[in-house]
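Q: Here you go, this is model13.txt (compact mmCIF, C-alpha atoms).
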```
# COMPACT_ATOMS: atom_id res chain seq x y z
CA MET E 27 66.34 120.71 -1.48
CA PRO E 28 69.00 123.41 -0.85
CA ILE E 29 72.49 122.19 -1.75
CA VAL E 30 73.84 122.97 1.75
CA GLU E 31 71.12 120.88 3.38
CA ALA E 32 71.84 118.03 0.96
CA MET E 33 75.53 118.11 1.86
CA LEU E 34 74.87 118.29 5.60
CA THR E 35 72.48 115.33 5.54
CA GLN E 36 74.11 113.14 2.88
CA ARG E 37 75.16 109.67 3.93
CA ALA E 38 75.46 106.23 2.33
CA ILE E 39 72.03 104.56 2.26
CA ARG E 40 72.75 100.86 1.76
CA ARG E 41 69.50 99.34 3.00
CA VAL E 42 66.88 99.84 0.29
CA LYS E 43 63.55 98.29 -0.64
CA PRO E 44 63.25 95.91 -3.61
CA ASP E 45 60.50 98.09 -5.13
CA PRO E 46 61.24 99.17 -8.73
CA VAL E 47 62.49 102.65 -9.57
CA ASP E 48 60.98 104.39 -12.59
CA ASP E 49 63.42 104.61 -15.51
CA ARG E 50 62.58 108.31 -15.94
CA ILE E 51 63.85 109.03 -12.44
CA VAL E 52 67.09 107.12 -13.07
CA LEU E 53 67.67 108.89 -16.39
CA ARG E 54 66.98 112.30 -14.89
CA CYS E 55 69.49 111.60 -12.12
CA LEU E 56 72.03 110.58 -14.76
CA GLU E 57 71.34 113.76 -16.72
CA LEU E 58 72.33 115.67 -13.60
CA ALA E 59 75.40 113.46 -13.21
CA LEU E 60 76.50 114.55 -16.69
CA GLU E 61 76.59 118.17 -15.55
CA ALA E 62 79.77 117.46 -13.58
CA PRO E 63 83.10 118.64 -15.01
CA THR E 64 85.52 116.27 -16.71
CA GLY E 65 89.20 116.57 -17.60
CA SER E 66 89.62 118.77 -20.70
CA ASN E 67 85.82 118.51 -21.06
CA ARG E 68 86.26 115.13 -22.74
CA GLN E 69 82.94 113.90 -21.34
CA ASN E 70 84.30 110.38 -21.57
CA TRP E 71 81.87 108.79 -19.13
CA GLU E 72 79.78 105.73 -19.82
CA PHE E 73 77.06 104.44 -17.48
CA VAL E 74 75.72 100.90 -17.41
CA VAL E 75 72.33 100.70 -15.66
CA VAL E 76 71.96 97.17 -14.29
CA LYS E 77 68.44 95.93 -13.51
CA ASP E 78 68.68 92.28 -14.58
CA ARG E 79 68.86 90.00 -11.55
CA THR E 80 71.26 87.59 -13.28
CA VAL E 81 73.79 90.34 -13.95
CA LYS E 82 73.39 91.65 -10.39
CA ALA E 83 73.99 88.14 -9.06
CA LYS E 84 77.28 87.89 -10.94
CA LEU E 85 78.45 91.24 -9.59
CA GLY E 86 77.20 90.21 -6.15
CA ALA E 87 79.31 87.07 -6.27
CA GLN E 88 82.39 89.24 -6.84
CA TYR E 89 81.33 91.50 -3.99
CA ARG E 90 81.02 88.55 -1.61
CA ARG E 91 84.43 87.14 -2.53
CA LEU E 92 86.20 90.31 -1.46
CA TRP E 93 83.88 91.13 1.44
CA LYS E 94 84.48 87.71 2.98
CA LEU E 95 88.10 88.75 3.44
CA TYR E 96 87.67 92.47 4.09
CA GLY E 97 84.58 92.18 6.30
CA GLY E 98 86.10 89.45 8.44
CA LEU E 99 89.27 91.51 8.88
CA GLY E 100 87.23 94.63 9.65
CA ARG E 101 85.34 92.90 12.48
CA ARG E 102 88.64 91.80 14.02
CA ILE E 103 90.34 95.19 14.02
CA ARG E 104 87.37 97.55 14.44
CA SER E 105 85.38 97.54 17.65
CA GLY E 106 83.81 100.99 17.90
CA GLU E 107 80.04 101.39 17.78
CA GLN E 108 80.15 103.44 14.59
CA SER E 109 82.42 100.93 12.86
CA VAL E 110 80.14 98.06 13.82
CA LYS E 111 77.13 99.92 12.40
CA ILE E 112 78.93 100.47 9.10
CA LEU E 113 80.06 96.84 8.90
CA ASN E 114 76.51 95.64 9.58
CA SER E 115 75.16 98.01 6.93
CA VAL E 116 77.60 96.75 4.33
CA GLN E 117 76.85 93.15 5.33
CA TRP E 118 73.15 93.80 4.66
CA GLN E 119 74.01 95.17 1.22
CA VAL E 120 76.19 92.16 0.45
CA ASP E 121 73.45 89.73 1.53
CA HIS E 122 70.70 91.51 -0.44
CA PHE E 123 72.68 92.70 -3.43
CA GLU E 124 70.43 91.08 -6.04
CA GLU E 125 67.38 92.78 -4.48
CA ILE E 126 68.70 96.31 -5.04
CA PRO E 127 66.51 97.71 -7.84
CA VAL E 128 69.16 99.62 -9.80
CA LEU E 129 72.95 99.50 -10.00
CA VAL E 130 74.62 102.25 -12.00
CA VAL E 131 78.12 101.22 -13.05
CA CYS E 132 80.11 104.39 -13.72
CA CYS E 133 82.78 103.87 -16.37
CA LEU E 134 85.41 105.83 -18.28
CA ARG E 135 86.46 105.54 -21.90
CA GLY E 136 90.12 105.78 -22.77
CA GLY E 137 93.01 105.82 -20.36
CA PHE E 138 94.99 103.02 -21.97
CA ARG E 139 97.99 101.81 -20.01
CA VAL E 140 101.20 100.63 -21.57
CA PRO E 141 102.03 97.17 -20.10
CA PHE E 142 105.02 97.06 -17.73
CA LEU E 143 105.49 100.84 -18.00
CA PRO E 144 104.87 102.57 -14.65
CA GLN E 145 102.84 105.76 -14.73
CA PRO E 146 103.18 108.72 -12.38
CA PRO E 147 100.46 109.02 -9.71
CA ILE E 148 99.14 112.17 -11.38
CA ALA E 149 98.08 110.10 -14.39
CA ALA E 150 95.67 108.00 -12.32
CA SER E 151 94.50 111.06 -10.40
CA SER E 152 93.68 112.92 -13.60
CA HIS E 153 91.99 109.90 -15.15
CA TYR E 154 89.63 109.06 -12.27
CA GLY E 155 89.06 112.75 -11.59
CA SER E 156 86.71 112.66 -14.57
CA ILE E 157 84.29 110.11 -13.11
CA TYR E 158 83.97 110.80 -9.39
CA PRO E 159 82.51 114.32 -9.73
CA SER E 160 79.70 112.82 -11.82
CA ALA E 161 79.25 110.01 -9.27
CA GLN E 162 78.86 112.64 -6.54
CA ASN E 163 76.31 114.49 -8.68
CA LEU E 164 74.43 111.22 -9.08
CA LEU E 165 74.39 110.69 -5.31
CA LEU E 166 73.05 114.20 -4.71
CA ALA E 167 70.46 113.88 -7.48
CA ALA E 168 69.23 110.61 -5.99
CA GLN E 169 68.95 112.20 -2.56
CA SER E 170 66.98 115.14 -3.98
CA VAL E 171 64.20 112.84 -5.23
CA GLY E 172 64.13 110.65 -2.13
CA LEU E 173 66.16 107.72 -3.43
CA GLY E 174 68.65 105.96 -1.21
CA ALA E 175 72.10 105.75 -2.78
CA ALA E 176 75.53 104.38 -1.91
CA LEU E 177 78.81 104.33 -3.81
CA ILE E 178 80.65 101.00 -3.82
CA THR E 179 83.70 99.58 -5.59
CA MET E 180 84.21 96.06 -4.23
CA PRO E 181 82.17 94.26 -6.93
CA LEU E 182 84.64 95.67 -9.48
CA TRP E 183 87.82 94.47 -7.75
CA SER E 184 88.65 92.43 -10.86
CA ASN E 185 88.35 94.60 -13.95
CA THR E 186 88.70 91.54 -16.14
CA VAL E 187 85.72 89.77 -14.57
CA ALA E 188 83.65 92.97 -14.38
CA ARG E 189 84.24 93.64 -18.07
CA ARG E 190 83.16 90.11 -18.91
CA ILE E 191 79.99 90.39 -16.82
CA LEU E 192 79.03 93.75 -18.32
CA ARG E 193 80.39 93.00 -21.83
CA LEU E 194 82.54 96.12 -21.76
CA PRO E 195 85.06 96.73 -24.53
CA ALA E 196 88.72 97.04 -23.60
CA SER E 197 88.50 100.82 -24.05
CA VAL E 198 85.89 101.19 -21.27
CA GLU E 199 86.93 100.82 -17.63
CA PRO E 200 84.43 100.22 -14.80
CA CYS E 201 85.29 102.55 -11.91
CA CYS E 202 82.54 102.43 -9.30
CA ILE E 203 78.90 101.50 -8.72
CA VAL E 204 76.11 103.67 -7.35
CA ALA E 205 73.35 101.48 -5.88
CA LEU E 206 69.89 103.07 -6.01
CA GLY E 207 66.57 102.19 -4.36
CA TRP E 208 63.78 103.50 -2.17
CA PRO E 209 65.35 103.65 1.28
CA LYS E 210 64.59 101.78 4.45
CA GLY E 211 66.63 104.27 6.46
CA ARG E 212 66.97 108.01 6.22
CA TYR E 213 69.43 110.74 5.42
CA GLY E 214 70.60 112.84 8.33
CA SER E 215 73.50 114.27 10.30
CA LYS E 216 76.57 112.12 10.86
CA PRO E 217 79.78 112.43 12.89
CA ARG E 218 82.53 114.45 11.24
CA LYS E 219 85.88 115.71 12.46
CA PRO E 220 86.23 119.45 13.20
CA VAL E 221 87.44 121.16 10.03
CA GLY E 222 90.42 122.73 11.82
CA THR E 223 91.91 119.30 12.57
CA VAL E 224 92.26 118.38 8.90
CA VAL E 225 93.07 121.74 7.29
CA HIS E 226 96.66 122.95 6.92
CA LEU E 227 97.89 126.38 5.84
CA ASP E 228 100.62 126.64 3.20
CA GLN E 229 102.48 123.55 4.45
CA TYR E 230 101.44 120.32 6.17
CA GLY E 231 101.44 120.58 9.95
CA GLN E 232 100.58 124.27 10.14
CA GLN E 233 97.05 124.26 11.57
CA PRO E 234 96.12 127.74 12.76
CA TRP E 235 92.40 126.84 12.84
CA ARG E 236 92.77 123.67 14.90
CA ASP E 237 91.27 125.14 18.07
CA GLN E 238 88.83 127.46 16.31
CA ALA E 239 85.13 126.95 16.83
CA PRO E 240 83.13 125.77 13.77
CA THR E 241 81.89 128.57 11.51
CA THR E 242 78.44 126.92 11.34
CA GLU E 243 76.63 124.43 13.49
CA ARG E 244 76.23 121.07 11.81
CA HIS E 245 73.51 119.75 14.08
CA HIS E 246 70.10 121.17 14.95
CA ARG E 247 70.66 124.31 12.92
CA PRO E 248 67.43 126.17 12.12
CA GLY E 249 66.32 125.35 8.60
CA VAL E 250 68.63 122.35 8.34
CA HIS E 251 67.23 119.17 9.78
CA SER E 252 67.17 115.47 9.07
CA PRO E 253 63.79 114.73 7.51
CA ARG E 254 62.70 111.19 6.91
CA ILE E 255 62.94 110.25 3.29
CA VAL E 256 59.70 110.40 1.38
CA ASP E 257 58.45 107.33 -0.47
CA GLN E 258 57.76 108.52 -4.02
CA ARG E 259 56.55 105.26 -5.49
CA PRO E 260 53.41 105.52 -7.63
CA ALA E 261 50.33 106.09 -5.50
CA THR E 262 48.09 103.08 -4.91
CA ALA E 263 44.42 102.82 -4.10
CA ASN E 264 44.98 102.46 -0.37
CA ARG E 265 46.92 105.72 -0.11
CA GLN E 266 45.32 109.06 0.57
CA SER E 267 44.78 111.38 -2.36
CA PRO E 268 47.80 113.74 -2.48
CA ALA E 269 47.76 117.50 -2.84
CA ILE E 270 48.04 119.16 -6.22
CA TRP E 271 51.02 121.24 -7.33
CA ARG E 272 51.72 123.43 -10.30
CA CYS E 273 54.84 122.73 -12.34
CA LYS E 274 57.25 125.63 -11.97
CA HIS E 275 58.43 125.09 -15.54
CA CYS E 276 55.20 124.91 -17.56
CA GLY E 277 52.42 125.60 -15.07
CA ALA E 278 50.66 122.27 -15.51
CA LEU E 279 48.98 120.57 -12.55
CA VAL E 280 51.18 117.94 -10.93
CA HIS E 281 49.96 115.05 -8.77
CA PRO E 282 52.80 113.94 -6.46
CA ALA E 283 53.03 110.35 -5.29
CA ASN E 284 53.11 111.51 -1.67
CA GLU E 285 51.66 114.64 -0.10
CA SER E 286 54.91 115.54 1.64
CA ALA E 287 57.16 114.71 -1.31
CA PRO E 288 59.67 117.51 -2.05
CA VAL E 289 59.64 116.96 -5.84
CA ALA E 290 57.51 115.32 -8.49
CA TRP E 291 57.54 114.65 -12.23
CA CYS E 292 55.46 116.83 -14.54
CA ALA E 293 53.55 114.73 -17.09
CA ARG E 294 53.39 117.61 -19.56
CA CYS E 295 57.03 118.73 -19.79
CA GLY E 296 58.67 115.65 -18.26
CA ARG E 297 60.79 117.67 -15.83
CA LEU E 298 61.25 117.49 -12.08
CA THR E 299 59.46 120.27 -10.24
CA GLU E 300 59.66 121.32 -6.61
CA SER E 301 56.64 121.57 -4.36
CA ARG E 302 54.42 124.56 -5.15
CA ARG E 303 51.09 123.97 -3.46
CA ASP E 304 48.00 124.87 -5.44
CA GLY E 305 44.33 124.60 -4.61
CA GLY E 306 43.63 122.81 -7.89
CA ASP E 307 40.28 121.70 -9.21
```
Written as structure tokens, how would this file's structure read?
A:
Amino acid sequence: MPIVEAMLTQRAIRRVKPDPVDDRIVLRCLELALEAPTGSNRQNWEFVVVKDRTVKAKLGAQYRRLWKLYGGLGRRIRSGEQSVKILNSVQWQVDHFEEIPVLVVCCLRGGFRVPFLPQPPIAASSHYGSIYPSAQNLLLAAQSVGLGAALITMPLWSNTVARRILRLPASVEPCCIVALGWPKGRYGSKPRKPVGTVVHLDQYGQQPWRDQAPTTERHHRPGVHSPRIVDQRPATANRQSPAIWRCKHCGALVHPANESAPVAWCARCGRLTESRRDGGD
């Protein structure tokens, strides 16, 4: 999937199926997450992959405690159609949290704080700037293989409780969670403000591009569309036999889980390969 298309169609996919996700897919997505830059190249990330239902239930309980307050407030002060859709989507995730196949808790090592000593805002910005680029890479990697993904933080509202649930040492801080699963919905275009309304030149308030037409069309642009996500679960007997590809890395024949799948895993070299149709034997 071209990176521009991924960016144009990326959205939070909260409604996912309970079907399991292969560990190899999760690990490959995390390998791509590690390609993101970190402050001073410290590479001080840690990732906790949560699959155990008991652990998910404990995190879900924390999620529900905060959502009960935030969600109720949101429904009182937000009335637009888009806001209602988002609130309903989050409510679904809250209600089905234990059914989400994989939760990736993105953490950072280091960043100790001296008690009662205030830190400048730049300290927090620099610290968390080392984890969110990798979280974005993880979201894009998940999208590229057809997984639904959404970044959430509410289950971690209490670091103390989150550390206890995940058995994290004091030197490791949980920052956010990326929920992964085979989607019930689809990626696609979404409403965004015109770029000129949020871009300022040299100083805040100077917006020479405010009334300028967009440089590219975001919707219905040739070559950029909103395809339905492909189910890449292992093929079963009642599915049609898929086409055969050749791995672009080693040339081995690849049998995708779904005929229209954009990528598949090569059994020989263990790498993801994009669709390259081959007649096969």
Q: Excluding same-chain residues fewer than 3 positions from E:Gln36, what lies within 10 Å of it counting only C-alpha atoms, as a CSV table (one decimal) with C-alpha atoms, in the frame of the given file?
A:
```csv
chain,number,residue,atom,x,y,z
E,30,VAL,CA,73.8,123.0,1.8
E,31,GLU,CA,71.1,120.9,3.4
E,32,ALA,CA,71.8,118.0,1.0
E,33,MET,CA,75.5,118.1,1.9
E,39,ILE,CA,72.0,104.6,2.3
E,165,LEU,CA,74.4,110.7,-5.3
E,166,LEU,CA,73.0,114.2,-4.7
E,169,GLN,CA,69.0,112.2,-2.6
E,174,GLY,CA,68.6,106.0,-1.2
E,175,ALA,CA,72.1,105.8,-2.8
E,212,ARG,CA,67.0,108.0,6.2
E,213,TYR,CA,69.4,110.7,5.4
E,214,GLY,CA,70.6,112.8,8.3
E,215,SER,CA,73.5,114.3,10.3
E,216,LYS,CA,76.6,112.1,10.9
E,252,SER,CA,67.2,115.5,9.1
```
Q: Record the distance separating atom CA of E:Gln108 and atom CA of E:Ile178, expressed in Å with one decimal.
A: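 Atom CA of E:Ile178 lies 18.6 Å from atom CA of E:Gln108.
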Q: What lies within 9 Å of E:Ala168 using only C-alpha atoms, ignoring chain neighbours under 5 positions off, as a short mmCIF file (atom, residue, chain, number, x, y, z; two decimals) with C-alpha atoms, keeping the file's coordinate frame?
A:
```cif
data_model
loop_
_atom_site.label_atom_id
_atom_site.label_comp_id
_atom_site.auth_asym_id
_atom_site.auth_seq_id
_atom_site.Cartn_x
_atom_site.Cartn_y
_atom_site.Cartn_z
CA ILE E 51 63.85 109.03 -12.44
CA VAL E 52 67.09 107.12 -13.07
CA CYS E 55 69.49 111.60 -12.12
CA ASN E 163 76.31 114.49 -8.68
CA LEU E 173 66.16 107.72 -3.43
CA GLY E 174 68.65 105.96 -1.21
CA ALA E 175 72.10 105.75 -2.78
CA LEU E 206 69.89 103.07 -6.01
CA GLY E 207 66.57 102.19 -4.36
#
```
Q: Name the closest residue to E:Pro200 among the candidates E:Met27, E:Ala188, E:Ile148, E:Leu58; distances are taken between atoms, counting only C-alpha atoms.
A: E:Ala188
Q: Atom CA of E:Gln145 and atom CA of E:Trp183 are how many Å apart?
A: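 Here the two named atoms are 20.0 Å from each other.
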Q: Record the distance separating atom CA of E:Glu57 and atom CA of E:Val187, expressed in Å with one decimal.
A: 28.1 Å
Q: Using only C-alpha atoms, can you list as a list in words the residues within 7 Å of (84.0, 99.4, -14.2)?
A: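 Residues close enough to count: Val131, Cys132, Cys133, Leu182, Asn185, Ala188, Arg189, Glu199, Pro200, Cys201 and Cys202 of chain E.
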Q: What's the 10 Å shell around E:Arg79, counting all atoms listed in the file, without same-chain residues fewer than 3 positions away, as number ranges by chain?
A: E: 76, 82-86, 123-128
Q: Hey, which of E:Tyr89, E:Tyr230, E:Tyr96, E:Trp235 ends up closest to E:His122? Count all atoms listed in the file.
A: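 Nearest candidate to E:His122 out of E:Tyr89, E:Tyr230, E:Tyr96, E:Trp235: E:Tyr89.
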Q: Using all atoms listed in the file, determine which residues lie at most 7 Å from E:Ala176, disregarding the query and same-chain residues fewer than 4 positions distant; provide the list as a count of residues only.
A: 5
Q: Rank E:Arg90, E:His153, E:Arg68, E:Lys210 by their smallest atom-to-atom distance to E:Arg41, using all atoms listed in the file, and report the top residue only.
A: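 Going through E:Arg90, E:His153, E:Arg68, E:Lys210 one by one, the smallest distance to E:Arg41 is for E:Lys210.
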Q: Let me make sure I understand: among E:Arg104, E:Arg297, E:Lys77, E:Arg37, which one has the smallest atom-to-atom distance to E:Gln162 if we use all atoms listed in the file?
A: E:Arg37
Q: When you count all atoms listed in the file, which of these residues is closest to E:Ala239: E:Val225, E:Pro220, E:Ala167, E:Arg50?
A: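 Selected residue with least distance to E:Ala239: E:Pro220.
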Q: Taking all atoms listed in the file into account, which of E:Ser170, E:Gln119, E:Thr64, E:Gln69 comes nearest E:Thr299?
A: E:Ser170
